[in-house]
$ cat target.txt   # compact mmCIF, C-alpha atoms
# COMPACT_ATOMS: atom_id res chain seq x y z
CA MET A 1 67.59 91.24 84.29
CA ILE A 2 64.11 90.25 83.14
CA GLY A 3 63.54 88.22 86.30
CA SER A 4 64.77 91.08 88.47
CA SER A 5 62.43 93.52 86.70
CA ARG A 6 59.46 91.26 87.34
CA ILE A 7 60.38 90.97 91.00
CA ASN A 8 60.63 94.76 91.31
CA LYS A 9 57.19 95.15 89.75
CA ALA A 10 55.64 92.50 92.00
CA LEU A 11 57.36 93.67 95.19
CA PRO A 12 54.88 96.52 96.01
CA TYR A 13 51.95 94.11 95.67
CA LEU A 14 53.69 91.54 97.85
CA LEU A 15 54.31 94.18 100.53
CA ILE A 16 50.68 95.29 100.69
CA ALA A 17 49.30 91.75 100.39
CA PRO A 18 49.15 91.17 104.19
CA ALA A 19 47.24 94.43 104.69
CA ILE A 20 44.82 93.55 101.88
CA PHE A 21 44.29 90.09 103.35
CA PHE A 22 43.60 91.63 106.77
CA VAL A 23 41.04 94.08 105.33
CA VAL A 24 39.30 91.33 103.37
CA ALA A 25 39.24 88.93 106.34
CA VAL A 26 38.18 91.44 109.01
CA ILE A 27 36.03 93.96 107.11
CA LEU A 28 35.01 92.93 103.60
CA TYR A 29 34.08 89.30 104.25
CA PRO A 30 31.92 89.97 107.36
CA THR A 31 30.16 92.81 105.50
CA VAL A 32 29.34 90.66 102.47
CA PHE A 33 28.33 87.76 104.72
CA SER A 34 25.95 90.05 106.64
CA PHE A 35 24.27 91.08 103.39
CA TRP A 36 23.87 87.41 102.45
CA LEU A 37 22.66 86.35 105.90
CA SER A 38 20.06 89.14 105.99
CA LEU A 39 18.19 87.34 103.19
CA TYR A 40 17.80 84.17 105.24
CA GLU A 41 15.91 83.04 108.33
CA ASN A 42 17.39 80.47 110.65
CA ARG A 43 15.19 77.78 112.19
CA ARG A 44 17.15 75.63 114.59
CA ALA A 45 20.30 74.70 112.64
CA ASP A 46 18.92 75.33 109.14
CA PHE A 47 18.77 78.53 107.09
CA PHE A 48 15.93 79.26 104.68
CA TYR A 49 15.92 81.93 101.98
CA VAL A 50 13.24 84.55 102.70
CA GLY A 51 14.40 87.42 100.46
CA LEU A 52 13.55 90.85 101.85
CA GLU A 53 11.20 89.53 104.52
CA ASN A 54 13.58 90.45 107.36
CA TYR A 55 13.71 94.05 106.14
CA GLN A 56 9.91 94.15 105.94
CA LYS A 57 9.71 92.94 109.55
CA ILE A 58 12.10 95.65 110.64
CA LEU A 59 10.21 98.45 108.91
CA VAL A 60 6.94 97.52 110.65
CA ASN A 61 8.61 96.83 114.00
CA GLN A 62 7.82 99.67 116.39
CA ASN A 63 10.64 98.62 118.71
CA PHE A 64 13.13 99.29 115.91
CA TRP A 65 11.82 102.81 115.32
CA ASP A 66 11.76 103.52 119.06
CA GLY A 67 15.34 102.27 119.28
CA LEU A 68 16.31 104.49 116.37
CA GLY A 69 14.87 107.48 118.22
CA ARG A 70 16.81 106.57 121.36
CA THR A 71 19.95 106.22 119.24
CA ALA A 72 19.40 109.72 117.84
CA VAL A 73 18.87 111.22 121.32
CA TYR A 74 21.94 109.47 122.69
CA GLY A 75 24.02 110.45 119.65
CA ILE A 76 23.11 114.14 119.92
CA LEU A 77 23.91 114.24 123.64
CA TYR A 78 27.11 112.22 123.31
CA VAL A 79 28.56 114.04 120.30
CA GLY A 80 27.57 117.49 121.58
CA LEU A 81 28.96 117.05 125.10
CA VAL A 82 32.16 115.28 124.00
CA MET A 83 32.88 118.03 121.45
CA ILE A 84 32.33 120.77 124.04
CA PHE A 85 34.53 119.16 126.69
CA GLY A 86 37.10 117.96 124.14
CA PHE A 87 37.46 121.38 122.53
CA ALA A 88 37.68 123.15 125.88
CA LEU A 89 40.38 120.78 127.13
CA ALA A 90 42.25 120.96 123.82
CA LEU A 91 42.39 124.76 124.02
CA LEU A 92 43.51 124.51 127.65
CA PHE A 93 46.28 122.00 127.04
CA HIS A 94 47.37 123.79 123.87
CA ARG A 95 48.60 126.58 126.13
CA ARG A 96 51.05 124.04 127.63
CA ALA A 97 50.17 124.84 131.23
CA GLN A 98 52.20 123.35 134.03
CA GLY A 99 51.34 119.69 134.68
CA THR A 100 49.80 119.18 131.23
CA ALA A 101 51.46 115.77 130.78
CA VAL A 102 50.06 114.51 134.09
CA TYR A 103 46.54 115.73 133.37
CA LEU A 104 46.60 114.22 129.86
CA THR A 105 47.65 110.88 131.31
CA ILE A 106 44.76 110.96 133.79
CA ILE A 107 42.25 111.88 131.07
CA PHE A 108 43.44 109.06 128.80
CA ILE A 109 43.14 106.35 131.45
CA PRO A 110 39.35 105.88 130.86
CA TRP A 111 39.93 105.57 127.10
CA MET A 112 42.31 102.65 127.71
CA LEU A 113 39.59 100.72 129.53
CA SER A 114 37.25 98.50 127.55
CA GLU A 115 33.62 99.53 127.28
CA ILE A 116 32.46 96.54 129.34
CA VAL A 117 34.89 97.22 132.19
CA ALA A 118 34.05 100.93 132.24
CA GLY A 119 30.34 100.18 132.05
CA ILE A 120 30.42 97.76 134.98
CA MET A 121 32.25 100.38 137.05
CA TRP A 122 29.55 102.96 136.34
CA ARG A 123 26.76 100.46 136.96
CA TRP A 124 28.15 99.67 140.41
CA MET A 125 28.47 103.36 141.21
CA PHE A 126 24.72 103.83 140.59
CA LEU A 127 23.36 100.61 142.08
CA PRO A 128 20.60 101.40 144.65
CA GLY A 129 21.84 101.04 148.22
CA VAL A 130 25.50 100.38 147.46
CA GLY A 131 26.43 102.75 144.64
CA VAL A 132 28.70 105.62 145.69
CA LEU A 133 27.22 108.17 143.29
CA GLN A 134 23.69 106.86 143.80
CA ASN A 135 23.98 107.35 147.57
CA ALA A 136 25.51 110.80 147.10
CA LEU A 137 23.16 112.18 144.42
CA GLY A 138 19.96 110.21 144.99
CA PRO A 139 18.95 111.88 148.29
CA LEU A 140 19.53 115.32 146.75
CA LEU A 141 16.88 114.48 144.12
CA GLY A 142 14.33 112.95 146.47
CA ASP A 143 15.74 109.41 146.61
CA TYR A 144 15.83 109.32 142.82
CA SER A 145 16.98 105.98 141.39
CA PHE A 146 19.04 106.70 138.29
CA LEU A 147 19.07 103.15 136.91
CA GLY A 148 15.40 102.72 137.81
CA GLU A 149 14.18 105.56 135.55
CA GLY A 150 14.54 105.78 131.77
CA ALA A 151 15.88 109.33 131.71
CA GLY A 152 18.22 108.64 134.62
CA ALA A 153 19.57 105.45 133.06
CA MET A 154 20.20 107.22 129.76
CA GLY A 155 21.91 110.01 131.68
CA VAL A 156 24.22 107.50 133.38
CA VAL A 157 25.18 105.98 130.01
CA VAL A 158 25.81 109.43 128.50
CA ALA A 159 27.93 110.43 131.50
CA ALA A 160 29.92 107.20 131.32
CA THR A 161 30.57 107.52 127.57
CA LEU A 162 31.45 111.19 128.03
CA TRP A 163 33.95 110.22 130.74
CA ARG A 164 35.49 107.60 128.47
CA GLY A 165 35.20 109.24 125.05
CA THR A 166 36.40 112.78 125.75
CA ALA A 167 40.03 111.65 125.45
CA PHE A 168 39.49 110.56 121.84
CA ALA A 169 38.07 113.93 120.81
CA LEU A 170 40.77 115.71 122.81
CA LEU A 171 43.49 113.80 120.94
CA LEU A 172 42.16 114.75 117.50
CA LEU A 173 41.38 118.36 118.35
CA LEU A 174 44.67 118.93 120.14
CA ALA A 175 46.52 117.55 117.11
CA GLY A 176 44.53 119.94 114.92
CA LEU A 177 45.42 122.91 117.12
CA GLN A 178 49.10 122.05 116.75
CA THR A 179 48.80 122.66 113.01
CA VAL A 180 47.47 126.23 113.41
CA PRO A 181 50.41 128.60 112.71
CA GLY A 182 51.12 130.77 115.74
CA GLU A 183 52.31 133.57 113.48
CA LEU A 184 48.75 134.18 112.28
CA ASN A 185 47.47 134.79 115.80
CA GLU A 186 50.44 137.00 116.58
CA ALA A 187 49.86 139.08 113.44
CA ALA A 188 46.15 139.40 114.24
CA ALA A 189 46.96 140.48 117.81
CA ILE A 190 49.31 143.17 116.46
CA ASP A 191 46.49 144.37 114.19
CA GLY A 192 44.26 144.81 117.24
CA ALA A 193 42.11 141.65 117.13
CA ASN A 194 40.97 140.47 120.56
CA ARG A 195 41.13 136.85 121.74
CA TRP A 196 37.60 135.99 120.58
CA GLN A 197 38.17 137.51 117.14
CA ARG A 198 41.42 135.59 116.74
CA PHE A 199 39.73 132.36 117.75
CA TRP A 200 36.71 132.80 115.46
CA SER A 201 38.53 134.14 112.40
CA ILE A 202 41.71 132.06 112.56
CA THR A 203 41.69 129.11 114.95
CA TRP A 204 38.12 127.97 114.35
CA ARG A 205 38.36 128.37 110.59
CA LEU A 206 41.59 126.37 110.37
CA MET A 207 40.24 123.79 112.82
CA LEU A 208 37.01 123.22 110.90
CA PRO A 209 38.25 120.18 108.88
CA THR A 210 39.55 118.50 112.05
CA THR A 211 36.31 119.34 113.84
CA GLN A 212 34.26 117.78 111.04
CA VAL A 213 36.35 114.61 111.10
CA THR A 214 35.97 114.36 114.88
CA ILE A 215 32.20 114.84 114.71
CA VAL A 216 31.85 112.12 112.07
CA PHE A 217 33.97 109.67 114.08
CA LEU A 218 32.00 110.39 117.26
CA THR A 219 28.69 110.06 115.43
CA ILE A 220 29.66 106.67 114.01
CA GLN A 221 30.75 105.60 117.49
CA ALA A 222 27.38 106.70 118.89
CA VAL A 223 25.41 104.85 116.21
CA ASN A 224 27.33 101.62 116.83
CA SER A 225 27.64 101.90 120.62
CA VAL A 226 26.60 98.72 122.41
CA GLY A 227 29.13 97.92 125.15
CA MET A 228 28.14 100.68 127.56
CA PHE A 229 24.41 100.07 127.17
CA LEU A 230 24.88 96.33 127.59
CA SER A 231 27.00 96.57 130.73
CA ILE A 232 25.19 99.47 132.45
CA THR A 233 21.48 99.04 131.68
CA ASP A 234 21.07 96.07 129.30
CA GLY A 235 18.43 98.21 127.61
CA GLY A 236 16.43 98.81 130.78
CA PRO A 237 14.48 99.81 132.65
CA GLY A 238 12.00 98.22 130.30
CA ARG A 239 13.31 99.22 126.89
CA THR A 240 13.97 102.86 127.62
CA THR A 241 17.69 102.58 126.81
CA GLU A 242 17.53 99.86 124.16
CA VAL A 243 19.24 101.50 121.20
CA VAL A 244 19.39 99.91 117.74
CA SER A 245 22.87 98.45 118.18
CA LEU A 246 21.77 96.73 121.41
CA GLN A 247 18.65 95.38 119.67
CA MET A 248 20.90 93.90 116.98
CA TYR A 249 23.14 92.31 119.63
CA LYS A 250 20.20 90.75 121.47
CA GLN A 251 18.56 89.44 118.31
CA ALA A 252 21.77 87.71 117.26
CA LEU A 253 23.31 86.45 120.51
CA GLN A 254 20.33 86.09 122.85
CA PHE A 255 17.49 85.11 120.52
CA ASN A 256 19.64 83.47 117.78
CA ASN A 257 17.72 85.42 115.16
CA PHE A 258 20.74 85.94 112.93
CA GLY A 259 18.85 86.88 109.76
CA PHE A 260 16.91 89.66 111.47
CA ALA A 261 20.04 90.92 113.25
CA SER A 262 21.98 90.89 109.97
CA ALA A 263 19.25 92.94 108.30
CA VAL A 264 19.51 95.49 111.12
CA SER A 265 23.30 95.58 110.66
CA VAL A 266 22.86 96.20 106.94
CA LEU A 267 20.55 99.14 107.63
CA MET A 268 23.06 100.53 110.13
CA PHE A 269 25.78 100.07 107.52
CA PHE A 270 23.86 102.41 105.21
CA VAL A 271 23.41 104.87 108.08
CA ASN A 272 27.19 104.90 108.62
CA ALA A 273 27.78 105.22 104.88
CA GLY A 274 25.38 108.16 104.78
CA LEU A 275 27.30 109.86 107.57
CA ALA A 276 30.54 109.34 105.64
CA ILE A 277 28.99 110.84 102.50
CA ILE A 278 27.80 113.86 104.46
CA TYR A 279 31.32 114.33 105.80
CA ILE A 280 32.89 114.06 102.32
CA ASN A 281 30.43 116.56 100.86
CA ALA A 282 31.04 118.95 103.75
CA MET A 283 34.78 118.73 103.21
CA ARG A 284 34.38 119.37 99.48
CA ALA A 285 32.17 122.36 100.14
CA GLN A 286 34.68 123.75 102.63
CA ASN A 287 37.57 123.26 100.19
CA ALA A 288 35.56 125.00 97.48
CA LEU A 289 35.02 128.00 99.75
CA ASP A 290 38.71 128.10 100.59
$ encode --input "target.txt" --output "structure tokens"
Amino acid sequence: MIGSSRINKALPYLLIAPAIFFVVAVILYPTVFSFWLSLYENRRADFFYVGLENYQKILVNQNFWDGLGRTAVYGILYVGLVMIFGFALALLFHRRAQGTAVYLTIIFIPWMLSEIVAGIMWRWMFLPGVGVLQNALGPLLGDYSFLGEGAGAMGVVVAATLWRGTAFALLLLLAGLQTVPGELNEAAAIDGANRWQRFWSITWRLMLPTTQVTIVFLTIQAVNSVGMFLSITDGGPGRTTEVVSLQMYKQALQFNNFGFASAVSVLMFFVNAGLAIIYINAMRAQNALD
């Protein structure tokens, strides 16, 4: 009996042990290793302890601050447009119109593609001379080369990420709409509330937690986005689309400057943590009001 009792007590820990091992191996260890590596500088095959020198280099590096500004611009455009399109489509499909399943399947196809594959597709569509969309839209704008101009290249990346990322927001928002009781809208309609009043007073209020979660997820995606930028523009033309995540990638894998890249990743870790804290505080404030 004593042995059986011990087994019963240990069984829950044994069941979650694989998940804990996975988290430690995939998330915790790389995070701790990045903190450690950010304190070192690699010269050829050797690593030398330099303390906070990498962070000092970052803070006085104008390219980093320019990249942070580009990240902010891209994040605002990406999150704003994806939320608008995702919410509009979620409201449309929530009505269960005819052919909804087919349309949802089509919308989710881009999300199933990897960022690199999707990015290469969009790059080819805007290549001068051979790109389908470049040949169709360029002459309308005075032979404008989208990938040859900073604003145009950023617009292509935003359009590509919007095309791919809308499905993710749609999934979360549509799931949130399914939790809104239909009886509340019916009761409000009987009381004389119009469609806009029902949406603002009932649907939007009940959807606010889901909306906040979606915004935080999309913002973290925007901050850490690298695949689309790498495959479409590689930071060009010049450095006009070189966001912080792409700078980190290049420092590590192109220039072998692992200490500097790790320091950038640590700073971005705190940015992501700050976004999570903002989300938690917003949720607490909303729950307090409720």
$ residues_around --input "target.txt" --residues "stretch 43-54 of chain A" --least-positions-apart "2" --cutoff "10 Å" --atoms "only C-alpha atoms" --output "PyMOL selection string"
chain A and resi 36-41+56-59+256-264
$ atom_distance --input "target.txt" --atom1 "atom CA of A:Asn63" --atom2 "atom CA of A:Gln221"
21.3 Å
$ atom_distance --input "target.txt" --atom1 "atom CA of A:Ala118" --atom2 "atom CA of A:Gly138"
21.1 Å
$ residues_near_point --input "target.txt" --point "(33.2, 119.9, 118.6)" --cutoff "7 Å" --atoms "all atoms listed in the file" --output "list in words"
Gly80, Met83, Ile84, Phe87, Thr211 and Ile215 of chain A
$ residues_around --input "target.txt" --residues "A:Gly129" --least-positions-apart "6" --cutoff "12 Å" --atoms "only C-alpha atoms" --output "PDB file with C-alpha atoms, in the frame of the given file"
ATOM      1  CA  ASN A 135      23.980 107.350 147.570  1.00  0.00           C
ATOM      2  CA  ALA A 136      25.510 110.800 147.100  1.00  0.00           C
ATOM      3  CA  LEU A 137      23.160 112.180 144.420  1.00  0.00           C
ATOM      4  CA  GLY A 138      19.960 110.210 144.990  1.00  0.00           C
ATOM      5  CA  PRO A 139      18.950 111.880 148.290  1.00  0.00           C
ATOM      6  CA  ASP A 143      15.740 109.410 146.610  1.00  0.00           C
ATOM      7  CA  TYR A 144      15.830 109.320 142.820  1.00  0.00           C
ATOM      8  CA  SER A 145      16.980 105.980 141.390  1.00  0.00           C
ATOM      9  CA  PHE A 146      19.040 106.700 138.290  1.00  0.00           C
ATOM     10  CA  LEU A 147      19.070 103.150 136.910  1.00  0.00           C
TER      11      LEU A 147
END
$ residues_around --input "target.txt" --residues "A:Val180" --least-positions-apart "4" --cutoff "9 Å" --atoms "only C-alpha atoms" --output "VMD selection string"
chain A and resid 176 184 to 185 202 to 203 206 to 207
$ write_last_selection --input "target.txt" --atoms "C-alpha atoms" --output "short mmCIF file (atom, residue, chain, number, x, y, z; two decimals), in the frame of the given file"
data_model
loop_
_atom_site.label_atom_id
_atom_site.label_comp_id
_atom_site.auth_asym_id
_atom_site.auth_seq_id
_atom_site.Cartn_x
_atom_site.Cartn_y
_atom_site.Cartn_z
CA GLY A 176 44.53 119.94 114.92
CA LEU A 184 48.75 134.18 112.28
CA ASN A 185 47.47 134.79 115.80
CA ILE A 202 41.71 132.06 112.56
CA THR A 203 41.69 129.11 114.95
CA LEU A 206 41.59 126.37 110.37
CA MET A 207 40.24 123.79 112.82
#
$ closest_residue --input "target.txt" --among "A:Leu15, A:Val102, A:Ala222, A:Leu162" --to "A:Ala72" --atoms "all atoms listed in the file"
A:Ala222
$ closest_residue --input "target.txt" --among "A:Ala159, A:Val244, A:Ile120, A:Leu91" --to "A:Asn224" --atoms "all atoms listed in the file"
A:Val244
$ residues_around --input "target.txt" --residues "A:Gly119" --least-positions-apart "2" --cutoff "10 Å" --atoms "only C-alpha atoms" --output "MDAnalysis selection string"
chainID A and resid 113:117 121:125 156:157 160:161 164 227:233
$ atom_distance --input "target.txt" --atom1 "atom CA of A:Leu92" --atom2 "atom CA of A:Thr105"
14.7 Å
